[in-house]
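Chemist: Just passing along the structure, written as structure tokens.
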Amino acid sequence: EFDMVMALYLFKSGDYAAVVDDIRSVVDAAEGRTVKVIIETPVLTPPEIITASRLVEEGGAHFVKTSTGNRGLAEYRPSTPEDVHLIRSAVSASMKVKFAGGMTSWAIARAGLEAGADRIGSAFGSQILEGFRAEHK
């Protein structure tokens, strides 16, 4: 599987055709392997999240992924279940959504899954699993 970060500078400049072309070039190079495109929801407005998600689908990727979780971003905030909901509302049922970036507990992970995420990714896996196990005793 391949993860790529959407070309934010192209997206923010409004060059959506170039964003789609960039995604499509990675999808083509991946030769049928799964491609996840990270849109960096922490630096996008809700309307931008919707637009970016649609561009990812148009580019032929398999997943929209919320964030890298890069706390070095000036605008950093954790990804949220609302981000997942916005992505899910913008793409077809065949698109997958990965919720990642700042998720620190099972409660947040569960809310993201309930909002429509197909996968989660977190550096806090042990805490998430502890919460999951505690809830499912």
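We name chains A, B, ... following the order of the structure tokens; residues begin at 1 in each chain, and ligands are numbered from 1 as shown.
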Residues at most 7 Å from range 46-51 of chain A, counting only C-alpha atoms, excluding those fewer than 5 positions away in the same chain, as a list in words?

Modeler: Thr41, Leu86, Ile87 and Ala90 of chain A

Chemist: Just list the residues in chain A DSSP gives strand (DSSP E or B) on the backbone, as a list in words.

Modeler: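 Taking chain A and keeping strand (DSSP E or B) only, one gets Phe2, Asp3, Met4, Val5, Val35, Lys36, Val37, Ile38, Phe63, Val64, Lys65, Lys96, Val97, Lys98, Phe99, Ala100, Arg119, Ile120 and Gly121 of chain A.
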
Chemist: So, counting only C-alpha atoms, which residue among A:Ala17, A:Leu113, A:Ile39, A:Ile120 is closest to Val64 in chain A?

Modeler: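 Among A:Ala17, A:Leu113, A:Ile39, A:Ile120, it is A:Ile39 that comes nearest to Val64 in chain A.
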
Chemist: Just list as a VMD selection string whatever in range 16-104 of chain A DSSP marks as alpha helix (DSSP H).

Modeler: chain A and resid 16 to 29 46 to 58 81 to 90

Chemist: Please measure the separation of CA of Thr80 in chain A and CA of Val20 in chain A, giving the value in Å to one decimal.

Modeler: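 Here the two named atoms are 24.7 Å from each other.
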
Chemist: Please list as a list in words every residue within 10 Å of Leu10 in chain A, counting only C-alpha atoms and excluding residues in the same chain fewer than 4 positions away.

Modeler: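 In the requested form, the answer reads Met6, Gly14, Asp15, Tyr16, Ala17, Ala18, Val19, Val20 and Asp22 of chain A.
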
Chemist: For a quick check of understanding, using only C-alpha atoms, which of A:Ser53, A:Ser13, A:Thr68, A:Ser126 has the smallest distance to Val97 in chain A?

Modeler: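 Closest candidate: A:Ser53.
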
Chemist: Do a neighbour search on Trp106 in chain A at 9 Å with only C-alpha atoms, toss out local chain neighbours closer than 2 positions, and write the hits as an MDAnalysis selection string.

Modeler: chainID A and resid 103:104 108:111 125 127:132 135

Chemist: Quick one: distance from CA of Leu44 in chain A to CA of Ala30 in chain A in Å, one decimal?

Modeler: 26.7 Å

Chemist: Quick one: everything within 8 Å of Ala117 in chain A, counting only C-alpha atoms, minus sequence neighbours fewer than 2 positions away in the same chain. Send it as a list in words.

Modeler: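 The residues that qualify are Val84, Arg88, Lys96, Val97, Lys98, Phe99, Gly112, Leu113, Glu114, Ala115, Arg119 and Ile120 of chain A.
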
Chemist: Please write the residues from the selection above to a file, keeping N, CA, C and O atoms, as a short mmCIF file (atom, residue, chain, number, x, y, z; two decimals), in the first residue's frame.

Modeler:
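In the end it all went to selection-v2.cif:
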data_model
loop_
_atom_site.label_atom_id
_atom_site.label_comp_id
_atom_site.auth_asym_id
_atom_site.auth_seq_id
_atom_site.Cartn_x
_atom_site.Cartn_y
_atom_site.Cartn_z
N VAL A 84 -14.04 12.98 9.57
CA VAL A 84 -14.43 11.72 8.94
C VAL A 84 -15.82 11.85 8.34
O VAL A 84 -16.07 11.43 7.20
N ARG A 88 -16.74 11.32 4.47
CA ARG A 88 -17.71 10.28 4.09
C ARG A 88 -18.87 10.88 3.31
O ARG A 88 -19.38 10.29 2.36
N LYS A 96 -12.85 4.39 0.59
CA LYS A 96 -12.54 4.07 1.98
C LYS A 96 -12.01 5.34 2.67
O LYS A 96 -11.46 6.23 2.02
N VAL A 97 -12.18 5.37 3.98
CA VAL A 97 -11.71 6.51 4.78
C VAL A 97 -10.84 5.98 5.91
O VAL A 97 -11.22 5.04 6.62
N LYS A 98 -9.66 6.58 6.07
CA LYS A 98 -8.77 6.24 7.18
C LYS A 98 -8.68 7.44 8.11
O LYS A 98 -8.35 8.54 7.70
N PHE A 99 -9.00 7.20 9.37
CA PHE A 99 -8.98 8.22 10.41
C PHE A 99 -7.64 8.13 11.13
O PHE A 99 -7.33 7.11 11.75
N GLY A 112 -14.83 7.98 15.44
CA GLY A 112 -14.40 8.07 14.04
C GLY A 112 -14.94 6.92 13.22
O GLY A 112 -15.39 7.11 12.08
N LEU A 113 -14.92 5.72 13.79
CA LEU A 113 -15.47 4.56 13.10
C LEU A 113 -16.98 4.73 12.90
O LEU A 113 -17.52 4.43 11.83
N GLU A 114 -17.64 5.22 13.92
CA GLU A 114 -19.09 5.46 13.82
C GLU A 114 -19.41 6.54 12.80
O GLU A 114 -20.48 6.53 12.19
N ALA A 115 -18.48 7.48 12.60
CA ALA A 115 -18.68 8.55 11.62
C ALA A 115 -18.43 8.08 10.19
O ALA A 115 -18.70 8.80 9.24
N ARG A 119 -10.83 2.46 8.56
CA ARG A 119 -9.59 2.12 9.26
C ARG A 119 -9.22 3.27 10.18
O ARG A 119 -9.62 4.40 9.96
N ILE A 120 -8.42 2.91 11.17
CA ILE A 120 -7.83 3.95 12.02
C ILE A 120 -6.32 3.75 12.03
O ILE A 120 -5.83 2.65 11.80
#

Chemist: Considering only C-alpha atoms, can you say which of A:Ala107, A:Lys65, A:Phe124, A:Gly60 comes closest to Arg33 in chain A?

Modeler: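 Nearest to Arg33 in chain A: A:Gly60.
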